[in-house]
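This report concerns only the one structure given below.
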Amino acid sequence: MNILKEFQELIPPLTNEEYKQLESNCLEEGIREPILTWNDYIIDGHNRYNIAKQWSLEYKTKSKTFNSEDEVKEWMILNQFGRRNLSNYQRSVLALQLEDVFKAKAKENQGARTDILAKLPKSKSIDTRKELSKVAQIGERTLGMVKKIQEKAPEEVKAKLRTGEVSVYAAYKEIKKEEKKEQKAKQIQLIKKQAKKFENSDIKIYNKDFRKLKIEDSSIDLILTDPPYPSEFLHLWKDLFVQAKKILKPNKFLIAYSGQMYLDKIFNYAYEVGLDYYWTLNIEFTKKPLVHGRKVLNEWKPILVFQNGLKQHDRVFSDKINMNYTEREMHDLNWGQTVEPFEFLLDRFSNTQDLIYEPFAGTGTTLLACKNTNRKCIATEIKTDYIDLIKGRLK
Ligand SMILES: C[S@@+](CC[C@H](N)C(=O)[O-])C[C@H]1O[C@@H](n2cnc3c(N)ncnc32)[C@H](O)[C@@H]1O
C-alpha cells in the first residue's frame, strides 16, 4: 500500500489531542474500519495506517473504483466534510481545493460533467462559489477571505489558522492592511518619480529648518501652516510666532491647524510675541480618534487665526469648514491633510498672486493648494524624504 502526497495533503491534520485519542481507540479496540484505497494508494485512513504500522496492529483494506485522480480527490474532500469536526478555515481550504478539482475536471470533460456542479452554467464562477459554500457549509464571504489568505498569508499564519489561534477574519484583515500599505508605498514612489518635472517659479520649497530661512521683513501676505502638535514640538510654535511677527505685512494673518491639548500655551506664546488672536475655525473629523491622557473622542480640530495687528477682515468667512476630512490623500504614510480646506482658507484670507509662507510643508498640501488657487508660495520642510514627494505632487 502506498501514500500519495497529493492525497495525504487533502486531509486536514489532526490536532495532537485528536491523534492521541485515535491512537488510544485503536490500541483498545483494534482498527475496526477498513483503510480505503484506490490503485493501492490510501484515500481514507492515513492516520490509522500510521498507527497500525507503529504499533504493528492488524487492519483491513478495501479498494474503491474511480476513473481518475480528480474523482478521487473530489470523493476525499466530500468525505472529510461529512465526517470530521473541521474548523471554518479547514472547511474553506477543502472547499477551495474542490473548486480546483472541478476546474480541472471541467477542462478535461468539456461538457461531460457528472459532478455536483454539472447542473450549473459553466462560465459563472460566482455560482460555483455558491454551490461550494453549500457543500462546505461555509459562507461565501468566508470562502472569499480564505482564498485570499491561501494566496497571500505566510506559512506561520496558516499554521495558526489551522490550530484556531488566529481567526479567518483577523488573518484576512491583516493581509488587506498590508496590501493597502504596499499600494500606498508604490503610489508614493510613483509621485516621487515625477519630482524631476517640477518647475514653477511661483513656488519655492527649501529643505531646511524654517528658522534658518531668510525672509524679508513685512513681505508675507499669509502664513498658512500645520505645525506638529505633540508637546516636544511646542517650542516651534513660539519660534513661528516670533518669525511671523517680523515677516507678515501689517494686519495679515497667520493660520495654523492645531490640536486642542496645548492651546493654553500656544495662545500664551502668541500673546507674548504680540500677535493678535483673531478667531478659531472648526474642521470636523469623520473618524474620531481617542485622545489618550484626556479620554476625549476628538471630533474636531481647531484652526487658529492670528493677525499681525488687529483689524476687521475685509471679507466674511464661516468658522466651520464642512469638508470631508477622512480622505487624507497621503495620510497612511505621513501627516498629509486634505487639500480642499487649504484652498478654502486661501480663498478667504488671501488674494491671487499673494505671497504665502508655509514653514511646515510636510507632503506639500499648502503648496498644492497655492498652485491650484494661483498664489505664490515659499515653504520649508526639514525632512529631506518629503521634498521629492512635494515636488512630484506639484509637477
Ligand atoms: C503636521 S506636519 C505637516 C503636514 C502637512 N500639512 C501635509 O499636508 O503634509 C508637520 C511637518 O513639519 C515638519 N517640521 C518639523 N519641524 C520642522 C522645522 N523646524 N522646520 C521645518 N519643518 C519642520 C515635519 O517634518 C512635518 O513634515
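Here, A, B, ... name the chains of the C-alpha cells in the order displayed, residue numbers run from 1 inside each chain, and ligands are numbered from 1 in the same displayed order.
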
Subject >> All helix (DSSP H, G or I) positions in region 12-200 of chain A, as a ChimeraX atom specification >> reply: /A:16-29,46-55,69-83,88-109,125-136,140-152,155-163,168-197

For the interface of region 210-312 of chain A with region 372-378 of chain A (cut-off 10 Å, counting only C-alpha atoms), please tabulate each contacting residue of region 210-312 of chain A alongside its nearest pair of atoms and their separation in Å to one decimal, rows sorted by chain and increasing number, as JSON lines.
```
{"residue": "A:Leu213", "atom": "CA", "partner": "A:Ile378", "partner_atom": "CA", "distance": 9.9}
{"residue": "A:Ile215", "atom": "CA", "partner": "A:Ile378", "partner_atom": "CA", "distance": 9.4}
{"residue": "A:Ile220", "atom": "CA", "partner": "A:Cys377", "partner_atom": "CA", "distance": 9.4}
{"residue": "A:Asp221", "atom": "CA", "partner": "A:Lys376", "partner_atom": "CA", "distance": 9.8}
{"residue": "A:Leu222", "atom": "CA", "partner": "A:Cys377", "partner_atom": "CA", "distance": 9.5}
{"residue": "A:Ile223", "atom": "CA", "partner": "A:Cys377", "partner_atom": "CA", "distance": 9.5}
{"residue": "A:Leu224", "atom": "CA", "partner": "A:Cys377", "partner_atom": "CA", "distance": 9.9}
```

Original post:
Between A:Ile255, A:Ile321, A:Leu22, A:Val296, which has the minimum distance to ligand 1 (counting only C-alpha atoms and all ligand atoms)?
Top reply: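 With only C-alpha atoms and all ligand atoms as the atom set, the closest residue is A:Ile255.
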
Subject >> Residue nearest Leu190 (chain A) among A:Ile43, A:Lys391, A:Ile382, A:Leu368 (counting only C-alpha atoms) >> reply: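 Result for the nearest residue to Leu190 (chain A): A:Lys391.
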
Using only C-alpha atoms, find each residue in region 48-162 of chain A having at least one atom no more than 10 Å away from region 1-11 of chain A; report its shortest atom-to-atom pair and that distance in Å (one decimal), rows by chain then rising number, as CSV.
```
residue,atom,partner,partner_atom,distance
A:Tyr49,CA,A:Met1,CA,9.7
A:Thr61,CA,A:Met1,CA,9.3
A:Glu69,CA,A:Phe7,CA,9.0
A:Val72,CA,A:Phe7,CA,8.4
A:Lys73,CA,A:Phe7,CA,6.9
A:Glu74,CA,A:Leu10,CA,9.9
A:Met76,CA,A:Leu10,CA,7.5
A:Ile77,CA,A:Leu10,CA,7.0
A:Asn79,CA,A:Ile11,CA,9.9
A:Gln80,CA,A:Ile11,CA,7.4
A:Gln90,CA,A:Ile11,CA,9.5
A:Val93,CA,A:Leu10,CA,9.2
A:Leu94,CA,A:Leu10,CA,7.2
A:Gln97,CA,A:Leu10,CA,8.0
A:Leu98,CA,A:Leu10,CA,9.8
```

Saved selection, atoms kept: N, CA and C atoms, as a PDB file, in the first residue's frame:
```
ATOM      1  N   TYR A  49      -3.469   4.132   9.417  1.00  0.00           N
ATOM      2  CA  TYR A  49      -2.385   3.359   8.809  1.00  0.00           C
ATOM      3  C   TYR A  49      -1.067   3.606   9.557  1.00  0.00           C
ATOM      4  N   THR A  61      -8.129  -3.719   4.431  1.00  0.00           N
ATOM      5  CA  THR A  61      -8.185  -2.674   3.389  1.00  0.00           C
ATOM      6  C   THR A  61      -9.367  -2.973   2.462  1.00  0.00           C
ATOM      7  N   GLU A  69      -7.736  10.550 -10.901  1.00  0.00           N
ATOM      8  CA  GLU A  69      -7.232  11.114  -9.649  1.00  0.00           C
ATOM      9  C   GLU A  69      -8.149  12.242  -9.154  1.00  0.00           C
ATOM     10  N   VAL A  72     -11.047  10.955  -7.363  1.00  0.00           N
ATOM     11  CA  VAL A  72     -10.657  10.508  -6.019  1.00  0.00           C
ATOM     12  C   VAL A  72     -10.619  11.719  -5.086  1.00  0.00           C
ATOM     13  N   LYS A  73      -9.999  12.787  -5.568  1.00  0.00           N
ATOM     14  CA  LYS A  73      -9.862  13.990  -4.721  1.00  0.00           C
ATOM     15  C   LYS A  73     -11.243  14.515  -4.326  1.00  0.00           C
ATOM     16  N   GLU A  74     -12.128  14.569  -5.320  1.00  0.00           N
ATOM     17  CA  GLU A  74     -13.484  15.060  -5.040  1.00  0.00           C
ATOM     18  C   GLU A  74     -14.132  14.206  -3.939  1.00  0.00           C
ATOM     19  N   MET A  76     -12.633  12.347  -1.707  1.00  0.00           N
ATOM     20  CA  MET A  76     -11.931  12.506  -0.416  1.00  0.00           C
ATOM     21  C   MET A  76     -12.388  13.779   0.315  1.00  0.00           C
ATOM     22  N   ILE A  77     -12.543  14.858  -0.461  1.00  0.00           N
ATOM     23  CA  ILE A  77     -12.927  16.140   0.172  1.00  0.00           C
ATOM     24  C   ILE A  77     -14.351  16.052   0.723  1.00  0.00           C
ATOM     25  N   ASN A  79     -15.881  13.467   1.558  1.00  0.00           N
ATOM     26  CA  ASN A  79     -15.809  12.526   2.680  1.00  0.00           C
ATOM     27  C   ASN A  79     -15.387  13.238   3.972  1.00  0.00           C
ATOM     28  N   GLN A  80     -14.411  14.157   3.849  1.00  0.00           N
ATOM     29  CA  GLN A  80     -13.956  14.916   5.026  1.00  0.00           C
ATOM     30  C   GLN A  80     -15.078  15.804   5.570  1.00  0.00           C
ATOM     31  N   GLN A  90     -10.503  25.207   7.915  1.00  0.00           N
ATOM     32  CA  GLN A  90     -10.199  23.929   7.261  1.00  0.00           C
ATOM     33  C   GLN A  90     -11.268  23.580   6.216  1.00  0.00           C
ATOM     34  N   VAL A  93     -10.629  25.708   3.169  1.00  0.00           N
ATOM     35  CA  VAL A  93      -9.459  25.262   2.398  1.00  0.00           C
ATOM     36  C   VAL A  93      -9.855  24.058   1.544  1.00  0.00           C
ATOM     37  N   LEU A  94     -10.604  23.135   2.159  1.00  0.00           N
ATOM     38  CA  LEU A  94     -11.039  21.953   1.397  1.00  0.00           C
ATOM     39  C   LEU A  94     -11.965  22.355   0.252  1.00  0.00           C
ATOM     40  N   GLN A  97     -10.039  23.621  -2.543  1.00  0.00           N
ATOM     41  CA  GLN A  97      -9.366  22.535  -3.273  1.00  0.00           C
ATOM     42  C   GLN A  97     -10.365  21.825  -4.195  1.00  0.00           C
ATOM     43  N   LEU A  98     -11.602  21.723  -3.690  1.00  0.00           N
ATOM     44  CA  LEU A  98     -12.649  21.110  -4.506  1.00  0.00           C
ATOM     45  C   LEU A  98     -12.890  21.952  -5.756  1.00  0.00           C
TER      46      LEU A  98
END
```

Subject >> Given 6 Å and only C-alpha atoms and all ligand atoms, residues near ligand 1 as a ChimeraX atom specification >> reply: /A:208-210,226-228,335-337,359-365,380-383

Output the selection as a CSV table (one decimal), in the first residue's frame - C-alpha atoms for each residue.
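Saved the output as result30.csv:
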```csv
chain,number,residue,atom,x,y,z
A,208,LYS,CA,15.7,73.3,5.8
A,209,ASP,CA,14.6,74.3,9.3
A,210,PHE,CA,12.1,77.2,8.9
A,226,ASP,CA,0.1,72.8,10.0
A,227,PRO,CA,2.8,72.6,12.7
A,228,PRO,CA,3.5,69.3,14.6
A,335,TRP,CA,0.8,63.6,8.2
A,336,GLY,CA,-0.8,64.8,5.0
A,337,GLN,CA,-4.0,66.8,5.1
A,359,PRO,CA,7.1,76.7,7.3
A,360,PHE,CA,6.0,73.1,7.9
A,361,ALA,CA,5.3,71.8,4.4
A,362,GLY,CA,5.1,68.1,5.2
A,363,THR,CA,3.8,66.4,2.0
A,364,GLY,CA,3.1,69.8,0.4
A,365,THR,CA,-0.6,70.2,0.8
A,380,THR,CA,10.3,74.9,4.2
A,381,GLU,CA,10.4,71.2,5.2
A,382,ILE,CA,13.0,69.7,7.4
A,383,LYS,CA,12.7,66.1,6.2
```

Original post:
Where in region 95-299 of chain A does DSSP assign strand (DSSP E), given as number ranges by chain?
Top reply: A: 203-206, 220-225, 248-257, 276-284, 290-291, 296-297

Any chance you can output those residues with N, CA and C atoms as a short mmCIF file (atom, residue, chain, number, x, y, z; two decimals), in the first residue's frame?
```cif
data_model
loop_
_atom_site.label_atom_id
_atom_site.label_comp_id
_atom_site.auth_asym_id
_atom_site.auth_seq_id
_atom_site.Cartn_x
_atom_site.Cartn_y
_atom_site.Cartn_z
N ILE A 203 6.50 78.90 -6.92
CA ILE A 203 6.52 78.07 -5.71
C ILE A 203 7.95 77.64 -5.39
N LYS A 204 8.39 77.99 -4.17
CA LYS A 204 9.77 77.65 -3.80
C LYS A 204 9.74 76.78 -2.56
N ILE A 205 10.43 75.65 -2.64
CA ILE A 205 10.46 74.77 -1.49
C ILE A 205 11.91 74.58 -1.04
N TYR A 206 12.16 74.79 0.24
CA TYR A 206 13.52 74.66 0.78
C TYR A 206 13.57 73.51 1.78
N ILE A 220 5.21 89.03 3.71
CA ILE A 220 4.32 87.87 3.53
C ILE A 220 2.85 88.27 3.71
N ASP A 221 2.01 87.78 2.77
CA ASP A 221 0.58 88.13 2.82
C ASP A 221 -0.21 87.19 3.72
N LEU A 222 0.26 85.95 3.84
CA LEU A 222 -0.45 84.98 4.69
C LEU A 222 0.50 83.84 5.06
N ILE A 223 0.46 83.45 6.33
CA ILE A 223 1.16 82.22 6.72
C ILE A 223 0.07 81.17 6.93
N LEU A 224 0.15 80.11 6.17
CA LEU A 224 -0.85 79.04 6.29
C LEU A 224 -0.09 77.75 6.56
N THR A 225 -0.34 77.15 7.72
CA THR A 225 0.52 76.03 8.08
C THR A 225 -0.15 75.02 9.01
N LEU A 248 5.26 89.05 8.48
CA LEU A 248 3.90 89.32 7.98
C LEU A 248 3.73 90.81 7.71
N LYS A 249 3.04 91.11 6.62
CA LYS A 249 2.67 92.52 6.38
C LYS A 249 1.69 92.93 7.47
N PRO A 250 1.53 94.21 7.72
CA PRO A 250 0.59 94.64 8.76
C PRO A 250 -0.83 94.12 8.50
N ASN A 251 -1.49 93.72 9.56
CA ASN A 251 -2.88 93.22 9.53
C ASN A 251 -3.08 91.93 8.74
N LYS A 252 -1.98 91.26 8.38
CA LYS A 252 -2.12 90.00 7.64
C LYS A 252 -2.17 88.84 8.64
N PHE A 253 -2.59 87.68 8.15
CA PHE A 253 -2.94 86.58 9.06
C PHE A 253 -1.91 85.44 9.10
N LEU A 254 -1.88 84.80 10.24
CA LEU A 254 -1.20 83.50 10.38
C LEU A 254 -2.30 82.51 10.73
N ILE A 255 -2.45 81.47 9.89
CA ILE A 255 -3.49 80.47 10.15
C ILE A 255 -2.80 79.12 10.36
N ALA A 256 -3.10 78.50 11.51
CA ALA A 256 -2.42 77.24 11.81
C ALA A 256 -3.40 76.17 12.30
N TYR A 257 -3.32 74.98 11.67
CA TYR A 257 -4.05 73.82 12.21
C TYR A 257 -3.41 73.52 13.57
N ASP A 276 -1.91 89.08 17.40
CA ASP A 276 -3.27 89.16 17.92
C ASP A 276 -4.09 87.93 17.57
N TYR A 277 -4.83 87.46 18.56
CA TYR A 277 -5.74 86.34 18.30
C TYR A 277 -6.95 86.88 17.57
N TYR A 278 -7.33 86.22 16.47
CA TYR A 278 -8.47 86.70 15.69
C TYR A 278 -9.70 85.80 15.84
N TRP A 279 -9.51 84.49 15.59
CA TRP A 279 -10.67 83.58 15.67
C TRP A 279 -10.19 82.12 15.66
N THR A 280 -11.15 81.22 15.94
CA THR A 280 -10.86 79.78 15.81
C THR A 280 -11.88 79.17 14.86
N LEU A 281 -11.38 78.46 13.86
CA LEU A 281 -12.29 77.75 12.95
C LEU A 281 -12.35 76.29 13.37
N ASN A 282 -13.38 75.63 12.89
CA ASN A 282 -13.59 74.24 13.29
C ASN A 282 -13.63 73.37 12.04
N ILE A 283 -12.81 72.32 12.06
CA ILE A 283 -12.92 71.33 10.98
C ILE A 283 -13.15 69.97 11.63
N GLU A 284 -14.19 69.27 11.14
CA GLU A 284 -14.57 68.03 11.83
C GLU A 284 -13.85 66.81 11.29
N LEU A 290 -9.36 58.67 19.72
CA LEU A 290 -9.42 58.84 21.17
C LEU A 290 -8.13 59.53 21.62
N VAL A 291 -8.27 60.61 22.39
CA VAL A 291 -7.09 61.32 22.88
C VAL A 291 -6.68 60.70 24.21
N VAL A 296 -10.89 61.76 25.60
CA VAL A 296 -11.80 62.53 24.73
C VAL A 296 -11.87 61.86 23.38
N LEU A 297 -13.11 61.69 22.89
CA LEU A 297 -13.27 61.28 21.49
C LEU A 297 -13.21 62.56 20.68
#
```

**OP:** Do a neighbour search on Lys20 (chain A) at 12 Å with only C-alpha atoms, toss out local chain neighbours closer than 5 positions, and write the hits as a ChimeraX atom specification.
**Re:** /A:14-15,25-27,47-48,51

Subject >> Contacts of region 153-159 of chain A within 9 Å, only C-alpha atoms, excl. fewer than 3 positions in-chain, as a PyMOL selection string >> reply: chain A and resi 148-150+162-166+171-172+174-175

Can you write just those residues out, N, CA and C atoms, as an mmCIF file, in the first residue's frame?
```
data_model
loop_
_atom_site.group_PDB
_atom_site.id
_atom_site.type_symbol
_atom_site.label_atom_id
_atom_site.label_comp_id
_atom_site.auth_asym_id
_atom_site.auth_seq_id
_atom_site.Cartn_x
_atom_site.Cartn_y
_atom_site.Cartn_z
ATOM 1 N N LYS A 148 -8.091 34.435 -0.394
ATOM 2 C CA LYS A 148 -7.052 35.463 -0.308
ATOM 3 C C LYS A 148 -5.949 35.014 0.664
ATOM 4 N N ILE A 149 -6.370 34.445 1.800
ATOM 5 C CA ILE A 149 -5.405 34.006 2.814
ATOM 6 C C ILE A 149 -4.482 32.940 2.210
ATOM 7 N N GLN A 150 -5.077 32.000 1.474
ATOM 8 C CA GLN A 150 -4.260 30.920 0.900
ATOM 9 C C GLN A 150 -3.239 31.474 -0.092
ATOM 10 N N ARG A 162 -4.889 26.961 11.328
ATOM 11 C CA ARG A 162 -5.254 25.544 11.464
ATOM 12 C C ARG A 162 -5.541 25.194 12.915
ATOM 13 N N THR A 163 -4.765 25.788 13.843
ATOM 14 C CA THR A 163 -4.985 25.454 15.255
ATOM 15 C C THR A 163 -6.051 26.359 15.882
ATOM 16 N N GLY A 164 -6.555 27.318 15.132
ATOM 17 C CA GLY A 164 -7.604 28.196 15.658
ATOM 18 C C GLY A 164 -7.037 29.358 16.470
ATOM 19 N N GLU A 165 -5.706 29.483 16.495
ATOM 20 C CA GLU A 165 -5.084 30.561 17.266
ATOM 21 C C GLU A 165 -5.405 31.941 16.661
ATOM 22 N N VAL A 166 -5.575 31.935 15.334
ATOM 23 C CA VAL A 166 -5.921 33.180 14.624
ATOM 24 C C VAL A 166 -7.221 32.933 13.861
ATOM 25 N N ALA A 171 -6.885 37.231 10.107
ATOM 26 C CA ALA A 171 -5.813 36.987 9.123
ATOM 27 C C ALA A 171 -6.093 37.774 7.843
ATOM 28 N N TYR A 172 -7.371 37.783 7.442
ATOM 29 C CA TYR A 172 -7.762 38.481 6.221
ATOM 30 C C TYR A 172 -7.522 39.991 6.354
ATOM 31 N N GLU A 174 -5.457 41.516 8.252
ATOM 32 C CA GLU A 174 -4.010 41.774 8.251
ATOM 33 C C GLU A 174 -3.477 41.844 6.817
ATOM 34 N N ILE A 175 -3.936 40.905 5.983
ATOM 35 C CA ILE A 175 -3.492 40.890 4.576
ATOM 36 C C ILE A 175 -3.946 42.160 3.864
#
```

**OP:** Return the single residue from A:Asn207, A:Phe342, A:Lys320, A:Lys197 that is closest to Ala379 (chain A), with distances computed using only C-alpha atoms.
**Re:**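 Checking each of A:Asn207, A:Phe342, A:Lys320, A:Lys197 against Ala379 (chain A), counting only C-alpha atoms, the winner is A:Asn207.
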